[in-house]
Amino acid sequence: MSGVFIVFEGVDGAGKSTACRMAAEALRARGIQTEVTAEPTHEGIGAFIRSGSAGSISQRTESLLFVADRNDHTERIARMLDSGATVLCDRYFASTVAYQSAGLAGDSTDRDWLISINSDFIGRPDVTILLDIDPEVGLGRVDTRGEEVSKFENLPFLRQVRENYLRLAREYGFQVVDASGDRDAVLAEVMAIIDRVV
Ligand code: ADP
Ligand code: MG
């Protein structure tokens with residue numbers, strides 16, 4: 001039996017991790033075997049990316065690292081799906097395209113190339129849920145999260161990332177959820193989408 005593969009996307013502070021956790025609780029409460037996973041992963045190349053050990057590398061190199069991490073991650077996700085689990089994945093293919101094609105310090109990467117390097121390595125989500133939010137609201141939430149602010153967390157850059165996500169949503173048929181509401185309102189919309197595929 002194969003499980004259902006659900007991806008959450010959105011700018012920093014949109015509420016991806018929160019929605020993943022709450023949706024997982026809701027699914028498990030119904031007796032549905034559910035795994036939550038995230039990118040960059042916490043293993044191998046994902047851990048290397050998160051550690052910042054790569055130092056100052058070009059966006060193209062960084063993009064390849066994200067895809068390399070995704071390749072290993074996709075194999076693990078496939079095993080989870082094979083075991084019958086529903087998999088909730090916090091960031092996937094669209095993150096690389098939305099973030100790396102938005103110029104950071106004048107260094108943007110060609111969108112078609114980003115899509116092409118992903119094409120051989122990614123699984124096919126049953127649904128991708130884009131939590132859409134004004135990045136200013138998202139960053140305000142991140143500020144109160146008490147974590148270190150990453151280099152990606154600046155407003156003009158994230159506005160471009162949001163537009164990139166919305167374009168991908170049109171092209172790839174993502175489900176777009178207004179993520180500006182409170183946690184329960186967002187969860188209700190997310191569960192309505194999940195219920196159509198689980
Ligand atoms: P992301 O994973 O997309 O970066 P998080 O889920 O970590 O976002 O949420 C960022 C912060 O905003 C967290 O402190 C979280 O508790 C809070 N948060 C998440 N969803 C909502 C919401 N719908 N309304 C208000 N705050 C939220
Ligand atoms: Mg998160």
# chains A, B, ... in the order shown; residues from 1 in each chain; ligands from 1
>>> select_by_dssp(residues="segment 75-188 of chain A", states="strand (DSSP E or B)", output="PyMOL selection string")
chain A and resi 86-90+104+107+127-132+175-178
>>> write_last_selection(atoms="C-alpha atoms", output="compact mmCIF listing (two decimals), in the first residue's frame")
# COMPACT_ATOMS: atom_id res chain seq x y z
CA THR A 86 1.13 9.71 4.72
CA VAL A 87 4.14 12.02 4.38
CA LEU A 88 3.94 15.73 5.24
CA CYS A 89 6.99 17.48 3.84
CA ASP A 90 8.02 20.99 4.93
CA LEU A 104 19.98 37.65 -3.36
CA ASP A 107 23.11 36.74 -7.56
CA VAL A 127 -0.62 17.81 -3.53
CA THR A 128 1.51 20.87 -2.80
CA ILE A 129 -0.05 23.38 -0.43
CA LEU A 130 1.26 26.92 -0.78
CA LEU A 131 0.76 28.89 2.42
CA ASP A 132 0.58 32.36 0.95
CA GLN A 175 -3.33 24.59 -3.74
CA VAL A 176 -3.00 28.14 -2.42
CA VAL A 177 -4.11 28.83 1.14
CA ASP A 178 -4.38 32.30 2.65
>>> residues_around(residues="Ile49 of chain A", least_positions_apart="2", cutoff="12 Å", atoms="only C-alpha atoms", output="count of residues only")
26
>>> closest_residue(among="A:Ala78, A:Leu114, A:Met191, A:Val161", to="Ala24 of chain A", atoms="only C-alpha atoms")
A:Met191
>>> residues_around(residues="Met22 of chain A", least_positions_apart="6", cutoff="10 Å", atoms="only C-alpha atoms", output="number ranges by chain")
A: 16, 28, 183-184, 187, 190-191
>>> write_last_selection(atoms="C-alpha atoms", output="PDB file, in the first residue's frame")
ATOM      1  CA  LYS A  16       4.624  25.605   7.244  1.00  0.00           C
ATOM      2  CA  ARG A  28      -2.756  10.557  13.648  1.00  0.00           C
ATOM      3  CA  ARG A 183      -3.636  28.735  13.244  1.00  0.00           C
ATOM      4  CA  ASP A 184      -7.021  27.039  13.446  1.00  0.00           C
ATOM      5  CA  LEU A 187      -5.463  24.270   9.639  1.00  0.00           C
ATOM      6  CA  VAL A 190      -5.249  22.695   4.986  1.00  0.00           C
ATOM      7  CA  MET A 191      -7.274  19.717   6.246  1.00  0.00           C
TER       8      MET A 191
END
>>> residues_near_ligand(ligand="ligand 2", cutoff="12 Å", atoms="only C-alpha atoms and all ligand atoms", output="PyMOL selection string")
chain A and resi 8-21+36-41+89-91+131+138-139+141-142+145+147+150
>>> select_by_dssp(residues="chain A", states="alpha helix (DSSP H)", output="number ranges by chain")
A: 16-29, 44-51, 59-82, 93-100, 111-119, 135-143, 155-172, 183-197
>>> residues_around(residues="Glu136 of chain A", least_positions_apart="5", cutoff="9 Å", atoms="only C-alpha atoms", output="list in words")
Arg141, Leu155, Leu158 and Arg159 of chain A
>>> write_last_selection(atoms="N, CA, C and O atoms", output="PDB file, in the first residue's frame")
ATOM      1  N   ARG A 141       6.237  37.183  12.342  1.00  0.00           N
ATOM      2  CA  ARG A 141       6.076  35.937  13.108  1.00  0.00           C
ATOM      3  C   ARG A 141       7.436  35.316  13.434  1.00  0.00           C
ATOM      4  O   ARG A 141       7.655  34.818  14.533  1.00  0.00           O
ATOM      5  N   LEU A 155      13.048  41.548   3.417  1.00  0.00           N
ATOM      6  CA  LEU A 155      11.730  41.803   2.836  1.00  0.00           C
ATOM      7  C   LEU A 155      11.676  41.882   1.308  1.00  0.00           C
ATOM      8  O   LEU A 155      10.875  41.173   0.702  1.00  0.00           O
ATOM      9  N   LEU A 158      12.099  38.438  -0.078  1.00  0.00           N
ATOM     10  CA  LEU A 158      10.965  37.537   0.183  1.00  0.00           C
ATOM     11  C   LEU A 158       9.728  37.925  -0.630  1.00  0.00           C
ATOM     12  O   LEU A 158       8.903  37.066  -0.968  1.00  0.00           O
ATOM     13  N   ARG A 159       9.597  39.216  -0.966  1.00  0.00           N
ATOM     14  CA  ARG A 159       8.470  39.617  -1.839  1.00  0.00           C
ATOM     15  C   ARG A 159       8.618  38.956  -3.203  1.00  0.00           C
ATOM     16  O   ARG A 159       7.655  38.496  -3.798  1.00  0.00           O
TER      17      ARG A 159
END
>>> closest_residue(among="A:Phe93, A:Ala23, A:Ala85, A:Asp72", to="Pro125 of chain A", atoms="only C-alpha atoms")
A:Phe93
>>> residues_around(residues="Ala98 of chain A", least_positions_apart="4", cutoff="8 Å", atoms="only C-alpha atoms", output="PyMOL selection string")
chain A and resi 94+102+161-162+164-165+168
>>> write_last_selection(atoms="all heavy atoms", output="short mmCIF file (atom, residue, chain, number, x, y, z; two decimals), in the first residue's frame")
data_model
loop_
_atom_site.label_atom_id
_atom_site.label_comp_id
_atom_site.auth_asym_id
_atom_site.auth_seq_id
_atom_site.Cartn_x
_atom_site.Cartn_y
_atom_site.Cartn_z
N ALA A 94 9.72 23.28 -5.00
CA ALA A 94 9.36 24.68 -5.28
C ALA A 94 10.22 25.65 -4.48
O ALA A 94 10.46 26.78 -4.93
CB ALA A 94 7.88 24.92 -5.00
N ALA A 102 15.18 34.04 -7.11
CA ALA A 102 15.03 35.43 -6.65
C ALA A 102 16.42 35.96 -6.33
O ALA A 102 17.20 35.31 -5.66
CB ALA A 102 14.15 35.47 -5.40
N VAL A 161 10.29 36.17 -3.73
CA VAL A 161 10.06 34.73 -3.51
C VAL A 161 8.56 34.44 -3.52
O VAL A 161 8.11 33.46 -4.13
CB VAL A 161 10.68 34.28 -2.16
CG1 VAL A 161 10.30 32.83 -1.84
CG2 VAL A 161 12.20 34.42 -2.20
N ARG A 162 7.77 35.30 -2.88
CA ARG A 162 6.32 35.09 -2.85
C ARG A 162 5.75 35.08 -4.27
O ARG A 162 4.95 34.21 -4.62
CB ARG A 162 5.65 36.19 -2.03
CG ARG A 162 4.15 36.01 -1.94
CD ARG A 162 3.46 37.24 -1.40
NE ARG A 162 2.10 36.96 -0.95
CZ ARG A 162 1.26 37.88 -0.54
NH1 ARG A 162 1.62 39.16 -0.51
NH2 ARG A 162 0.03 37.56 -0.16
N ASN A 164 7.36 34.40 -7.00
CA ASN A 164 7.83 33.18 -7.66
C ASN A 164 6.97 31.98 -7.28
O ASN A 164 6.65 31.13 -8.12
CB ASN A 164 9.29 32.91 -7.30
CG ASN A 164 10.24 33.97 -7.83
OD1 ASN A 164 9.87 34.77 -8.69
ND2 ASN A 164 11.46 33.99 -7.32
N TYR A 165 6.63 31.90 -6.00
CA TYR A 165 5.76 30.80 -5.54
C TYR A 165 4.40 30.85 -6.24
O TYR A 165 3.87 29.81 -6.65
CB TYR A 165 5.53 30.92 -4.03
CG TYR A 165 6.46 30.14 -3.15
CD1 TYR A 165 7.04 30.73 -2.04
CD2 TYR A 165 6.75 28.79 -3.40
CE1 TYR A 165 7.87 30.02 -1.18
CE2 TYR A 165 7.59 28.08 -2.55
CZ TYR A 165 8.13 28.69 -1.44
OH TYR A 165 8.96 27.98 -0.60
N LEU A 168 4.66 29.56 -9.69
CA LEU A 168 4.76 28.09 -9.68
C LEU A 168 3.41 27.45 -9.38
O LEU A 168 3.06 26.42 -9.95
CB LEU A 168 5.79 27.64 -8.62
CG LEU A 168 7.26 27.87 -8.96
CD1 LEU A 168 8.12 27.78 -7.71
CD2 LEU A 168 7.73 26.87 -10.02
#
>>> atom_distance(atom1="atom CA of Ile122 of chain A", atom2="atom CA of Met80 of chain A")
14.9 Å
>>> atom_distance(atom1="atom CA of Val97 of chain A", atom2="atom CA of Asp120 of chain A")
14.7 Å
>>> atom_distance(atom1="atom CA of Gly140 of chain A", atom2="atom CA of Phe157 of chain A")
15.2 Å
>>> closest_residue(among="A:Arg50, A:Leu166, A:Gly173, A:Glu35", to="Asp126 of chain A", atoms="only C-alpha atoms")
A:Gly173
>>> closest_residue(among="A:Val197, A:Ile115, A:Ala188, A:Ala179", to="ligand 1", atoms="only C-alpha atoms and all ligand atoms")
A:Ala179
